[in-house]
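**Student:** Coordinates in work_28.txt, compact mmCIF, C-alpha atoms (C1' of nucleotides) and all ligand atoms, are listed below.
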```
# COMPACT_ATOMS: atom_id res chain seq x y z
CA MET Z 1364 -14.13 -16.16 -46.26
CA LYS Z 1365 -15.34 -16.63 -42.67
CA ILE Z 1366 -13.60 -18.77 -40.09
CA GLY Z 1367 -15.91 -21.73 -40.64
CA GLU Z 1368 -15.03 -22.03 -44.30
CA LEU Z 1369 -11.32 -21.67 -43.53
CA ALA Z 1370 -11.80 -24.44 -40.99
CA THR Z 1371 -13.42 -26.83 -43.48
CA ARG Z 1372 -10.89 -26.00 -46.18
CA THR Z 1373 -7.91 -26.69 -43.88
CA GLY Z 1374 -9.33 -29.32 -41.58
CA ILE Z 1375 -8.41 -27.15 -38.60
CA SER Z 1376 -11.20 -26.25 -36.21
CA PRO Z 1377 -12.32 -22.65 -35.71
CA GLN Z 1378 -11.30 -22.79 -32.07
CA THR Z 1379 -7.82 -23.87 -33.03
CA ILE Z 1380 -7.59 -21.11 -35.63
CA ARG Z 1381 -8.54 -18.52 -33.01
CA TYR Z 1382 -6.01 -20.10 -30.66
CA TYR Z 1383 -3.29 -19.73 -33.30
CA GLU Z 1384 -4.19 -16.08 -33.66
CA ASN Z 1385 -4.06 -15.64 -29.88
CA ILE Z 1386 -0.56 -17.04 -29.56
CA GLY Z 1387 0.60 -15.10 -32.61
CA VAL Z 1388 1.18 -17.94 -35.06
CA LEU Z 1389 -1.51 -16.43 -37.26
CA PRO Z 1390 -1.61 -12.64 -37.68
CA ASP Z 1391 -4.65 -10.82 -36.35
CA ALA Z 1392 -7.41 -11.46 -38.84
CA LEU Z 1393 -9.15 -8.65 -40.67
CA ARG Z 1394 -12.69 -8.08 -39.48
CA MET Z 1395 -15.97 -7.69 -41.32
CA PRO Z 1396 -18.28 -4.86 -40.26
CA ASN Z 1397 -20.07 -7.27 -37.92
CA GLY Z 1398 -16.87 -8.27 -36.19
CA TYR Z 1399 -16.50 -11.65 -37.89
CA ARG Z 1400 -12.98 -12.63 -38.95
CA SER Z 1401 -12.33 -12.41 -42.67
CA TYR Z 1402 -9.71 -14.51 -44.44
CA ASP Z 1403 -8.26 -14.89 -47.90
CA ASP Z 1404 -6.29 -17.71 -49.51
CA SER Z 1405 -3.05 -16.72 -47.81
CA ALA Z 1406 -4.55 -17.95 -44.53
CA VAL Z 1407 -5.13 -21.35 -46.12
CA ARG Z 1408 -1.51 -21.49 -47.23
CA ARG Z 1409 -0.23 -20.37 -43.86
CA LEU Z 1410 -2.26 -23.00 -42.02
CA GLY Z 1411 -1.02 -25.57 -44.52
CA PHE Z 1412 2.55 -24.58 -43.75
CA ILE Z 1413 1.87 -24.85 -40.04
CA ARG Z 1414 0.46 -28.36 -40.40
CA ASP Z 1415 3.38 -29.44 -42.57
CA ALA Z 1416 5.91 -27.97 -40.19
CA GLN Z 1417 4.20 -29.67 -37.27
CA SER Z 1418 4.38 -32.97 -39.09
CA SER Z 1419 8.15 -32.50 -39.14
CA GLY Z 1420 8.00 -32.17 -35.39
CA LEU Z 1421 8.51 -28.41 -35.13
CA THR Z 1422 6.74 -26.86 -32.17
CA LEU Z 1423 4.37 -23.95 -32.61
CA THR Z 1424 6.97 -21.77 -30.92
CA GLU Z 1425 9.58 -22.73 -33.48
CA ILE Z 1426 7.12 -22.22 -36.32
CA GLN Z 1427 6.20 -18.86 -34.89
CA MET Z 1428 9.85 -17.78 -34.86
CA VAL Z 1429 10.14 -18.55 -38.56
CA LEU Z 1430 6.89 -16.84 -39.45
CA GLU Z 1431 7.81 -13.78 -37.40
CA MET Z 1432 11.10 -13.49 -39.22
CA ARG Z 1433 9.28 -13.71 -42.49
CA ASP Z 1434 6.65 -11.21 -41.41
CA ALA Z 1435 9.44 -8.86 -40.39
CA GLY Z 1436 10.80 -9.10 -43.92
CA GLU Z 1437 14.09 -10.61 -42.81
CA SER Z 1438 16.02 -12.98 -44.96
CA THR Z 1439 15.09 -16.10 -43.10
CA CYS Z 1440 16.98 -18.71 -45.12
CA GLY Z 1441 19.99 -18.99 -42.87
CA HIS Z 1442 18.05 -18.87 -39.62
CA VAL Z 1443 15.49 -21.33 -40.89
CA VAL Z 1444 18.05 -23.83 -42.07
CA SER Z 1445 19.98 -23.71 -38.82
CA MET Z 1446 16.77 -24.05 -36.86
CA LEU Z 1447 15.79 -27.08 -38.90
CA GLU Z 1448 19.23 -28.58 -38.35
CA GLN Z 1449 18.98 -27.92 -34.64
CA HIS Z 1450 15.61 -29.58 -34.62
CA LEU Z 1451 16.97 -32.59 -36.49
CA ILE Z 1452 19.42 -33.10 -33.64
CA GLU Z 1453 16.53 -33.05 -31.18
CA VAL Z 1454 14.59 -35.59 -33.22
CA ASP Z 1455 17.62 -37.86 -33.48
CA ARG Z 1456 18.01 -37.75 -29.74
CA GLN Z 1457 14.37 -38.69 -29.28
CA LEU Z 1458 14.78 -41.55 -31.73
CA ASP Z 1459 17.79 -42.79 -29.82
CA GLU Z 1460 15.98 -42.69 -26.53
CA LEU Z 1461 12.91 -44.41 -27.93
CA GLU Z 1462 15.02 -47.17 -29.47
CA ARG Z 1463 16.71 -47.82 -26.16
CA THR Z 1464 13.30 -47.92 -24.54
CA ARG Z 1465 12.07 -50.40 -27.12
CA HIS Z 1466 15.11 -52.56 -26.53
CA ARG Z 1467 14.56 -52.67 -22.79
CA LEU Z 1468 10.91 -53.47 -23.26
CA GLY Z 1469 11.72 -56.30 -25.65
CA GLN Z 1470 14.13 -57.80 -23.13
CA LEU Z 1471 11.59 -57.54 -20.38
CA ILE Z 1472 8.99 -59.34 -22.48
CA THR Z 1473 11.41 -62.07 -23.47
CA ALA Z 1474 12.37 -62.61 -19.86
CA ALA Z 1475 8.72 -62.64 -18.81
CA ARG Z 1476 7.76 -65.18 -21.46
CA GLN Z 1477 10.50 -67.58 -20.39
CA MET Z 1478 9.17 -67.75 -16.89
CA ASP Z 1479 7.09 -70.65 -15.77
CA PRO Z 1480 3.78 -69.34 -14.45
CA ALA Z 1481 3.55 -72.45 -12.31
CA ASN Z 1482 6.46 -71.09 -10.34
CA CYS Z 1483 4.58 -67.88 -9.73
CA THR Z 1484 2.30 -68.92 -6.94
CA ASP Z 1485 3.65 -66.57 -4.32
CA PRO Z 1486 1.71 -63.36 -4.82
CA ASP Z 1487 4.47 -61.35 -3.19
CA LYS Z 1488 6.97 -62.43 -5.80
CA CYS Z 1489 5.41 -62.32 -9.23
CA GLN Z 1490 8.34 -63.34 -11.37
CA THR Z 1491 7.35 -61.17 -14.27
CA ILE Z 1492 7.25 -58.09 -12.14
CA SER Z 1493 10.33 -58.92 -10.17
CA ALA Z 1494 12.36 -59.62 -13.30
CA LYS Z 1495 14.42 -56.59 -12.57
CA GLU Z 1496 17.50 -58.05 -14.15
CA ALA Z 1497 15.72 -57.82 -17.48
CA PHE Z 1498 16.00 -54.08 -17.22
CA HIS Z 1499 19.73 -54.10 -16.85
CA ASP Z 1500 21.60 -55.26 -19.91
CA MET A 285 13.93 -44.76 7.40
CA LYS A 286 12.45 -41.32 6.84
CA ILE A 287 11.46 -39.92 3.47
CA GLY A 288 14.69 -37.97 3.06
CA GLU A 289 16.85 -41.06 3.34
CA LEU A 290 14.59 -42.94 0.94
CA ALA A 291 14.98 -40.02 -1.42
CA THR A 292 18.77 -40.05 -1.33
CA ARG A 293 18.89 -43.83 -1.60
CA THR A 294 16.66 -43.88 -4.70
CA GLY A 295 17.49 -40.55 -6.27
CA ILE A 296 13.79 -39.65 -6.22
CA SER A 297 12.84 -36.43 -4.46
CA PRO A 298 10.65 -36.45 -1.33
CA GLN A 299 7.98 -34.44 -3.18
CA THR A 300 7.86 -37.03 -5.92
CA ILE A 301 7.64 -39.86 -3.39
CA ARG A 302 4.68 -38.15 -1.69
CA TYR A 303 3.17 -37.58 -5.12
CA TYR A 304 3.46 -41.31 -5.87
CA GLU A 305 1.70 -42.07 -2.62
CA ASN A 306 -1.05 -39.59 -3.49
CA ILE A 307 -1.79 -41.17 -6.84
CA GLY A 308 -1.60 -44.65 -5.37
CA VAL A 309 1.57 -45.92 -7.04
CA LEU A 310 3.11 -46.24 -3.60
CA PRO A 311 0.97 -47.61 -0.75
CA ASP A 312 0.20 -45.27 2.13
CA ALA A 313 3.36 -45.13 4.19
CA LEU A 314 3.44 -46.18 7.82
CA ARG A 315 3.80 -43.25 10.21
CA MET A 316 6.08 -42.65 13.14
CA PRO A 317 4.53 -41.29 16.35
CA ASN A 318 5.32 -37.75 15.19
CA GLY A 319 3.52 -38.23 11.88
CA TYR A 320 6.64 -38.68 9.76
CA ARG A 321 6.48 -41.34 7.05
CA SER A 322 8.45 -44.48 7.85
CA TYR A 323 9.85 -46.75 5.15
CA ASP A 324 11.70 -50.04 4.95
CA ASP A 325 13.73 -51.58 2.14
CA SER A 326 10.67 -52.71 0.23
CA ALA A 327 10.00 -49.06 -0.60
CA VAL A 328 13.47 -48.81 -2.13
CA ARG A 329 12.75 -51.85 -4.29
CA ARG A 330 9.35 -50.58 -5.30
CA LEU A 331 10.73 -47.20 -6.35
CA GLY A 332 13.48 -49.01 -8.24
CA PHE A 333 10.87 -51.00 -10.11
CA ILE A 334 8.94 -47.84 -10.91
CA ARG A 335 12.05 -46.17 -12.33
CA ASP A 336 12.93 -49.22 -14.38
CA ALA A 337 9.41 -49.59 -15.70
CA GLN A 338 9.36 -45.91 -16.61
CA SER A 339 12.58 -46.32 -18.50
CA SER A 340 10.75 -48.87 -20.64
CA GLY A 341 8.21 -46.20 -21.37
CA LEU A 342 5.40 -47.48 -19.15
CA THR A 343 3.21 -44.73 -17.76
CA LEU A 344 2.59 -44.41 -14.05
CA THR A 345 -0.98 -45.51 -14.68
CA GLU A 346 0.20 -48.70 -16.34
CA ILE A 347 2.70 -49.30 -13.56
CA GLN A 348 -0.02 -48.73 -11.02
CA MET A 349 -2.23 -51.34 -12.65
CA VAL A 350 0.52 -53.92 -12.32
CA LEU A 351 1.30 -53.01 -8.76
CA GLU A 352 -2.37 -53.05 -7.80
CA MET A 353 -2.73 -56.54 -9.21
CA ARG A 354 0.26 -57.62 -7.23
CA ASP A 355 -0.98 -55.93 -4.07
CA ALA A 356 -4.31 -57.70 -4.53
CA GLY A 357 -2.46 -61.01 -4.55
CA GLU A 358 -3.54 -61.85 -8.11
CA SER A 359 -1.39 -63.88 -10.39
CA THR A 360 -0.23 -61.04 -12.52
CA CYS A 361 2.02 -62.88 -14.96
CA GLY A 362 -0.45 -63.16 -17.80
CA HIS A 363 -1.82 -59.66 -17.38
CA VAL A 364 1.62 -58.19 -17.09
CA VAL A 365 2.96 -59.90 -20.17
CA SER A 366 0.01 -58.85 -22.26
CA MET A 367 0.27 -55.29 -20.99
CA LEU A 368 3.95 -55.21 -21.87
CA GLU A 369 3.16 -56.56 -25.32
CA GLN A 370 0.44 -53.98 -25.77
CA HIS A 371 2.87 -51.31 -24.75
CA LEU A 372 5.47 -52.59 -27.19
CA ILE A 373 2.95 -52.00 -29.97
CA GLU A 374 2.51 -48.41 -28.77
CA VAL A 375 6.25 -47.84 -28.69
CA ASP A 376 6.65 -49.29 -32.18
CA ARG A 377 3.98 -46.94 -33.44
CA GLN A 378 5.78 -43.99 -31.86
CA LEU A 379 9.04 -45.11 -33.44
CA ASP A 380 7.36 -45.34 -36.82
CA GLU A 381 5.91 -41.88 -36.51
CA LEU A 382 9.18 -40.38 -35.34
CA GLU A 383 11.08 -41.98 -38.20
CA ARG A 384 8.66 -40.53 -40.72
CA THR A 385 9.07 -37.17 -39.03
CA ARG A 386 12.83 -37.45 -39.27
CA HIS A 387 12.58 -38.33 -42.92
CA ARG A 388 10.45 -35.31 -43.72
CA LEU A 389 12.76 -33.07 -41.78
CA GLY A 390 15.80 -34.40 -43.63
CA GLN A 391 14.13 -33.74 -46.96
CA LEU A 392 13.21 -30.25 -45.94
CA ILE A 393 16.78 -29.51 -44.92
CA THR A 394 18.19 -30.92 -48.12
CA ALA A 395 15.78 -28.86 -50.16
CA ALA A 396 16.59 -25.76 -48.16
CA ARG A 397 20.33 -26.22 -48.59
CA GLN A 398 20.03 -26.51 -52.34
CA MET A 399 18.40 -23.16 -52.62
CA ASP A 400 20.35 -20.15 -53.64
CA PRO A 401 20.00 -17.48 -50.97
CA ALA A 402 20.65 -14.91 -53.66
CA ASN A 403 17.31 -15.86 -55.13
CA CYS A 404 15.62 -15.18 -51.85
CA THR A 405 15.34 -11.45 -51.94
CA ASP A 406 11.57 -11.25 -51.90
CA PRO A 407 10.66 -11.30 -48.21
CA ASP A 408 7.18 -12.56 -49.00
CA LYS A 409 8.53 -15.67 -50.63
CA CYS A 410 11.37 -17.08 -48.59
CA GLN A 411 12.22 -20.19 -50.52
CA THR A 412 13.19 -22.18 -47.49
CA ILE A 413 9.87 -21.58 -45.84
CA SER A 414 7.84 -22.02 -48.97
CA ALA A 415 9.52 -25.29 -49.85
CA LYS A 416 6.27 -27.04 -49.24
CA GLU A 417 6.97 -29.73 -51.78
CA ALA A 418 9.77 -30.92 -49.51
CA PHE A 419 7.09 -32.03 -47.10
CA HIS A 420 5.32 -34.22 -49.62
CA ASP A 421 7.34 -37.19 -50.79
C1' DC E 1226 18.75 -22.38 23.08
C1' DA E 1227 18.36 -20.89 18.61
C1' DA E 1228 18.85 -21.64 13.94
C1' DA E 1229 19.28 -24.88 10.27
C1' DA E 1230 17.46 -28.79 8.43
C1' DC E 1231 14.08 -31.72 8.29
C1' DC E 1232 9.09 -33.14 8.21
C1' DT E 1233 3.76 -32.23 7.33
C1' DT E 1234 -0.45 -30.66 4.37
C1' DA E 1235 -3.01 -28.52 0.65
C1' DT E 1236 -2.97 -25.93 -3.37
C1' DA E 1237 -1.22 -24.01 -7.57
C1' DG E 1238 1.89 -23.78 -11.43
C1' DT E 1239 4.64 -25.86 -15.45
C1' DC E 1240 5.00 -27.61 -20.35
C1' DG E 1241 2.32 -27.82 -25.38
C1' DG E 1242 -1.54 -27.94 -27.95
C1' DC E 1243 -5.40 -27.79 -27.84
C1' DT E 1244 -10.79 -28.41 -26.23
C1' DT E 1245 -14.70 -27.00 -23.64
C1' DC E 1246 -17.64 -23.93 -21.31
C1' DA E 1247 -20.39 -19.92 -20.26
C1' DG E 1248 -22.83 -16.34 -22.03
C1' DG E 1249 -23.55 -13.64 -25.29
C1' DG E 1250 -24.64 -11.53 -30.69
C1' DT E 1251 -25.67 -12.43 -36.02
C1' DT E 1252 -27.05 -14.67 -40.14
C1' DT E 1253 -29.45 -17.97 -42.80
C1' DG E 1254 -33.07 -20.87 -44.47
C1' DA E 1255 -37.78 -23.34 -44.10
C1' DT B 1207 -40.57 -15.56 -37.96
C1' DC B 1208 -38.09 -17.99 -35.42
C1' DA B 1209 -34.97 -21.64 -34.65
C1' DA B 1210 -30.78 -23.64 -36.26
C1' DA B 1211 -26.39 -22.65 -37.34
C1' DC B 1212 -22.98 -19.65 -37.25
C1' DC B 1213 -19.94 -16.03 -35.02
C1' DC B 1214 -17.73 -13.54 -30.77
C1' DT B 1215 -14.99 -13.24 -26.07
C1' DG B 1216 -12.62 -14.76 -21.97
C1' DA B 1217 -11.71 -18.20 -18.86
C1' DA B 1218 -11.16 -22.81 -17.48
C1' DG B 1219 -10.06 -27.70 -18.16
C1' DC B 1220 -7.24 -31.60 -20.02
C1' DC B 1221 -3.15 -34.86 -20.48
C1' DG B 1222 1.28 -36.64 -17.57
C1' DA B 1223 4.67 -36.25 -14.36
C1' DC B 1224 6.13 -33.63 -11.78
C1' DT B 1225 7.78 -28.99 -9.24
C1' DA B 1226 6.94 -25.10 -6.42
C1' DT B 1227 4.73 -22.35 -2.88
C1' DA B 1228 2.68 -21.33 1.49
C1' DA B 1229 2.27 -22.03 6.11
C1' DG B 1230 2.92 -24.59 9.37
C1' DG B 1231 5.29 -28.51 13.09
C1' DT B 1232 9.68 -31.34 14.67
C1' DT B 1233 14.36 -32.64 15.17
C1' DT B 1234 19.12 -32.06 14.95
C1' DT B 1235 23.29 -29.47 15.38
C1' DG B 1236 26.61 -25.98 17.17
ZN ZN T 1 12.84 -28.31 -32.07
ZN ZN T 2 3.77 -63.60 -11.94
ZN ZN T 3 1.54 -48.09 -22.79
ZN ZN T 4 14.63 -17.45 -47.67
```
For the structure just supplied, provide its representation as structure tokens.
Ligand SMILES: [Zn+2]
Ligand SMILES: [Zn+2]
Ligand SMILES: [Zn+2]
Ligand SMILES: [Zn+2]
**Tutor:**
Amino acid sequence: MKIGELATRTGISPQTIRYYENIGVLPDALRMPNGYRSYDDSAVRRLGFIRDAQSSGLTLTEIQMVLEMRDAGESTCGHVVSMLEQHLIEVDRQLDELERTRHRLGQLITAARQMDPANCTDPDKCQTISAKEAFHD
Amino acid sequence: MKIGELATRTGISPQTIRYYENIGVLPDALRMPNGYRSYDDSAVRRLGFIRDAQSSGLTLTEIQMVLEMRDAGESTCGHVVSMLEQHLIEVDRQLDELERTRHRLGQLITAARQMDPANCTDPDKCQTISAKEAFHD
DNA sequence: CAAAACCTTATAGTCGGCTTCAGGGTTTGA
DNA sequence: TCAAACCCTGAAGCCGACTATAAGGTTTTG
């Protein structure tokens, strides 16, 4: 199949597919006599894996490492599992950070709501903005 | 004070302070006769606010909107509160997405651990990698 | 009095994951 | 038959928040 069909079957644009080939996440495609890229079903599966792996937060670089190991015929199980575990730690750290952020934001909003807008006539001292203490637990 | 002292007092590098001035988050600094930027304590407070607002996940663009309203002498309370609320919605969406990501990743790891590496001798079919079903609840 | 340490500007590079553009060639269908 | 729709390449642009580099001028310190 040509790149356009692969694109419609996977929901990934032709440009993106060529980009994946450029950075090595997809192997160099076979070519038809006219130079057009030619794909079979394995490309569909590989793109599906890439999308799934991305939805677990893996970067293209991480995905590429896995796929390169596989392409090299190595037993990837151990490496893959430890990479996934490493990535889980990253994701947990992001979650932690985002939850702290959410907490601070909630406090700021609460503090802002409790203020009396009537008291906020001095443009140099908007209470909402100056509610610095809301940032510091 | 000169930019270097402002930098040490706020923990924000001189380059970053100039960058903030460039994009308009800091007002154009006063200049000394030799062309050096000259700051007073209000710059320290403003940078402190920027850092605090960033730690609640506000972008510099959002922060700039607030500061511009304030600089224009508008009563910012209402706008600020609604912007903060809007931003809280964004953060909640990010949290949701990240939690789903974490869930998928956990499932993938569980599935990968349960596999018998002895069964993974065919390099074209690494079980860990092919555990696509782990991605789909 | 010279070197280190500071200050200035403008421009370019970084990260990741694309998207868009410019300027072609090929295939398909009315 | 000829225009639309597809394909190709390489390079550049985009987002955000910086960071770095180049090529100067000024001030402080020993
Ligand atoms: Zn990772
Ligand atoms: Zn106010
Ligand atoms: Zn926001
Ligand atoms: Zn395996």
**Student:** Could you superpose chain Z on chain A by least squares over every Cα, matched in sequence order, and send it back as a CSV table (one decimal) with C-alpha atoms, in the frame of the given file?
**Tutor:**
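Once everything was written out, this is out_18.csv:
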```
chain,number,residue,atom,x,y,z
Z,1364,MET,CA,14.0,-44.6,7.4
Z,1365,LYS,CA,12.5,-41.2,6.8
Z,1366,ILE,CA,11.4,-39.8,3.4
Z,1367,GLY,CA,14.6,-37.8,3.0
Z,1368,GLU,CA,16.8,-40.9,3.2
Z,1369,LEU,CA,14.6,-42.8,0.9
Z,1370,ALA,CA,14.9,-39.9,-1.5
Z,1371,THR,CA,18.7,-39.9,-1.4
Z,1372,ARG,CA,18.9,-43.7,-1.7
Z,1373,THR,CA,16.6,-43.7,-4.8
Z,1374,GLY,CA,17.4,-40.4,-6.4
Z,1375,ILE,CA,13.7,-39.6,-6.3
Z,1376,SER,CA,12.7,-36.4,-4.5
Z,1377,PRO,CA,10.6,-36.4,-1.4
Z,1378,GLN,CA,7.9,-34.4,-3.2
Z,1379,THR,CA,7.8,-37.0,-6.0
Z,1380,ILE,CA,7.6,-39.8,-3.4
Z,1381,ARG,CA,4.6,-38.1,-1.7
Z,1382,TYR,CA,3.1,-37.6,-5.1
Z,1383,TYR,CA,3.4,-41.3,-5.9
Z,1384,GLU,CA,1.7,-42.1,-2.6
Z,1385,ASN,CA,-1.1,-39.7,-3.5
Z,1386,ILE,CA,-1.9,-41.3,-6.8
Z,1387,GLY,CA,-1.6,-44.7,-5.4
Z,1388,VAL,CA,1.6,-46.0,-7.0
Z,1389,LEU,CA,3.1,-46.3,-3.6
Z,1390,PRO,CA,1.0,-47.7,-0.7
Z,1391,ASP,CA,0.2,-45.3,2.1
Z,1392,ALA,CA,3.4,-45.1,4.2
Z,1393,LEU,CA,3.5,-46.2,7.8
Z,1394,ARG,CA,3.8,-43.2,10.2
Z,1395,MET,CA,6.1,-42.5,13.1
Z,1396,PRO,CA,4.6,-41.2,16.3
Z,1397,ASN,CA,5.3,-37.6,15.1
Z,1398,GLY,CA,3.5,-38.2,11.8
Z,1399,TYR,CA,6.6,-38.6,9.7
Z,1400,ARG,CA,6.5,-41.3,7.0
Z,1401,SER,CA,8.5,-44.4,7.8
Z,1402,TYR,CA,9.9,-46.7,5.1
Z,1403,ASP,CA,11.8,-49.9,4.9
Z,1404,ASP,CA,13.9,-51.5,2.1
Z,1405,SER,CA,10.8,-52.7,0.2
Z,1406,ALA,CA,10.1,-49.0,-0.6
Z,1407,VAL,CA,13.5,-48.7,-2.2
Z,1408,ARG,CA,12.8,-51.8,-4.3
Z,1409,ARG,CA,9.4,-50.6,-5.3
Z,1410,LEU,CA,10.7,-47.2,-6.4
Z,1411,GLY,CA,13.5,-48.9,-8.3
Z,1412,PHE,CA,10.9,-51.0,-10.1
Z,1413,ILE,CA,8.9,-47.9,-10.9
Z,1414,ARG,CA,12.0,-46.1,-12.4
Z,1415,ASP,CA,12.9,-49.2,-14.4
Z,1416,ALA,CA,9.4,-49.6,-15.7
Z,1417,GLN,CA,9.3,-45.9,-16.6
Z,1418,SER,CA,12.5,-46.3,-18.6
Z,1419,SER,CA,10.7,-48.9,-20.7
Z,1420,GLY,CA,8.1,-46.3,-21.4
Z,1421,LEU,CA,5.3,-47.6,-19.2
Z,1422,THR,CA,3.1,-44.8,-17.8
Z,1423,LEU,CA,2.5,-44.5,-14.0
Z,1424,THR,CA,-1.0,-45.6,-14.7
Z,1425,GLU,CA,0.2,-48.8,-16.3
Z,1426,ILE,CA,2.7,-49.4,-13.5
Z,1427,GLN,CA,0.0,-48.8,-11.0
Z,1428,MET,CA,-2.2,-51.4,-12.6
Z,1429,VAL,CA,0.5,-54.0,-12.3
Z,1430,LEU,CA,1.4,-53.1,-8.7
Z,1431,GLU,CA,-2.3,-53.1,-7.7
Z,1432,MET,CA,-2.7,-56.6,-9.1
Z,1433,ARG,CA,0.3,-57.7,-7.2
Z,1434,ASP,CA,-0.9,-56.0,-4.0
Z,1435,ALA,CA,-4.2,-57.8,-4.5
Z,1436,GLY,CA,-2.3,-61.1,-4.5
Z,1437,GLU,CA,-3.4,-61.9,-8.0
Z,1438,SER,CA,-1.3,-64.0,-10.3
Z,1439,THR,CA,-0.1,-61.1,-12.5
Z,1440,CYS,CA,2.1,-63.0,-15.0
Z,1441,GLY,CA,-0.4,-63.2,-17.7
Z,1442,HIS,CA,-1.8,-59.7,-17.3
Z,1443,VAL,CA,1.6,-58.2,-17.0
Z,1444,VAL,CA,2.9,-60.0,-20.1
Z,1445,SER,CA,0.0,-58.9,-22.2
Z,1446,MET,CA,0.2,-55.4,-20.9
Z,1447,LEU,CA,3.9,-55.3,-21.9
Z,1448,GLU,CA,3.1,-56.6,-25.3
Z,1449,GLN,CA,0.4,-54.1,-25.7
Z,1450,HIS,CA,2.8,-51.4,-24.7
Z,1451,LEU,CA,5.4,-52.7,-27.2
Z,1452,ILE,CA,2.9,-52.1,-30.0
Z,1453,GLU,CA,2.4,-48.5,-28.8
Z,1454,VAL,CA,6.2,-47.9,-28.7
Z,1455,ASP,CA,6.5,-49.4,-32.2
Z,1456,ARG,CA,3.9,-47.0,-33.4
Z,1457,GLN,CA,5.7,-44.1,-31.9
Z,1458,LEU,CA,8.9,-45.2,-33.5
Z,1459,ASP,CA,7.3,-45.4,-36.8
Z,1460,GLU,CA,5.8,-41.9,-36.5
Z,1461,LEU,CA,9.1,-40.4,-35.3
Z,1462,GLU,CA,11.0,-42.0,-38.2
Z,1463,ARG,CA,8.6,-40.6,-40.7
Z,1464,THR,CA,9.0,-37.2,-39.0
Z,1465,ARG,CA,12.7,-37.5,-39.3
Z,1466,HIS,CA,12.5,-38.4,-42.9
Z,1467,ARG,CA,10.4,-35.4,-43.7
Z,1468,LEU,CA,12.7,-33.1,-41.8
Z,1469,GLY,CA,15.7,-34.5,-43.6
Z,1470,GLN,CA,14.0,-33.8,-47.0
Z,1471,LEU,CA,13.1,-30.3,-45.9
Z,1472,ILE,CA,16.7,-29.6,-44.9
Z,1473,THR,CA,18.1,-31.0,-48.1
Z,1474,ALA,CA,15.7,-28.9,-50.1
Z,1475,ALA,CA,16.6,-25.8,-48.1
Z,1476,ARG,CA,20.3,-26.3,-48.5
Z,1477,GLN,CA,20.0,-26.6,-52.3
Z,1478,MET,CA,18.4,-23.2,-52.5
Z,1479,ASP,CA,20.4,-20.2,-53.6
Z,1480,PRO,CA,20.1,-17.5,-50.9
Z,1481,ALA,CA,20.8,-14.9,-53.5
Z,1482,ASN,CA,17.4,-15.8,-55.0
Z,1483,CYS,CA,15.8,-15.2,-51.7
Z,1484,THR,CA,15.6,-11.4,-51.7
Z,1485,ASP,CA,11.8,-11.1,-51.7
Z,1486,PRO,CA,10.9,-11.2,-48.0
Z,1487,ASP,CA,7.4,-12.4,-48.9
Z,1488,LYS,CA,8.7,-15.6,-50.5
Z,1489,CYS,CA,11.5,-17.0,-48.5
Z,1490,GLN,CA,12.4,-20.1,-50.5
Z,1491,THR,CA,13.3,-22.2,-47.5
Z,1492,ILE,CA,9.9,-21.5,-45.8
Z,1493,SER,CA,7.9,-21.9,-49.0
Z,1494,ALA,CA,9.6,-25.2,-49.9
Z,1495,LYS,CA,6.3,-26.9,-49.3
Z,1496,GLU,CA,7.0,-29.5,-51.9
Z,1497,ALA,CA,9.7,-30.8,-49.6
Z,1498,PHE,CA,7.1,-31.9,-47.2
Z,1499,HIS,CA,5.3,-34.1,-49.8
Z,1500,ASP,CA,7.3,-37.1,-50.9
```
**Student:** Identify every residue of chain E that has at least one atom within 9 Å of any atom of chain Z, counting all atoms listed in the file, and report the result as a list of chain:residue names.
**Tutor:**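 Applying the cut-off to the listed atoms yields E:DG1241, E:DG1242, E:DC1243, E:DT1244, E:DT1251.
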**Student:** Which chain Z residues are at most 12 Å from chain B (counting all atoms listed in the file), as a ChimeraX atom specification?
**Tutor:** /Z:1365-1368,1377-1378,1381,1385,1394-1395,1397-1401
**Student:** List as a PyMOL selection string the protein and nucleic acid residues lying within 7 Å of ligand ZN 1 (chain T), with all atoms listed in the file counted.
**Tutor:** chain Z and resi 1421-1422+1425+1449-1450+1453
**Student:** Could you state the separation of CA of Ile347 in chain A and CA of Leu331 in chain A in Å, given to one decimal place?
**Tutor:**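 Atom-to-atom, CA of Ile347 in chain A and CA of Leu331 in chain A are spaced 11.0 Å apart.
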**Student:** Rounded to one decimal, what separation in Å do you get between CA of Thr1373 in chain Z and CA of Val1407 in chain Z?
**Tutor:**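 Value for the CA of Thr1373 in chain Z-CA of Val1407 in chain Z distance: 6.4 Å.
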**Student:** Could you tell me how far CA of Val309 in chain A sits from atom ZN of ligand ZN 3 (chain T), in Å to one decimal place?
**Tutor:**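 About the pair atom ZN of ligand ZN 3 (chain T) and CA of Val309 in chain A: they are 15.9 Å apart.
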**Student:** Identify which of the residues Z:Ile1413, Z:Ala1475, Z:Leu1458, Z:Cys1440 lies closest to ligand ZN 4 (chain T), counting all atoms listed in the file when measuring atom-to-atom distances.
**Tutor:**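 For ligand ZN 4 (chain T), the nearest of the given residues is Z:Cys1440.
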**Student:** Dump the neighbourhood of ligand ZN 3 (chain T) as a ChimeraX atom specification: all residues within 12 Å, distances computed on all atoms listed in the file.
**Tutor:** /Z:1464-1465,1468 /A:337-349,364,366-378
**Student:** Find, counting all atoms listed in the file, the residue in Z:Ala1474, Z:Met1364, Z:Leu1461, Z:Ala1392 that gets nearest to chain A.
**Tutor:**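 Result for the nearest residue to chain A: Z:Leu1461.
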**Student:** Step by step, gather every atom of range 1245-1255 of chain E that the file lists, find the box along x, y and z that holds them, add 4 Å on each side, and finally give centre and edge lengths in Å to one decimal, as lines of an AutoDock Vina configuration file.
**Tutor:**
```
center_x = -26.2
center_y = -19.3
center_z = -32.4
size_x = 31.1
size_y = 23.5
size_z = 32.2
```
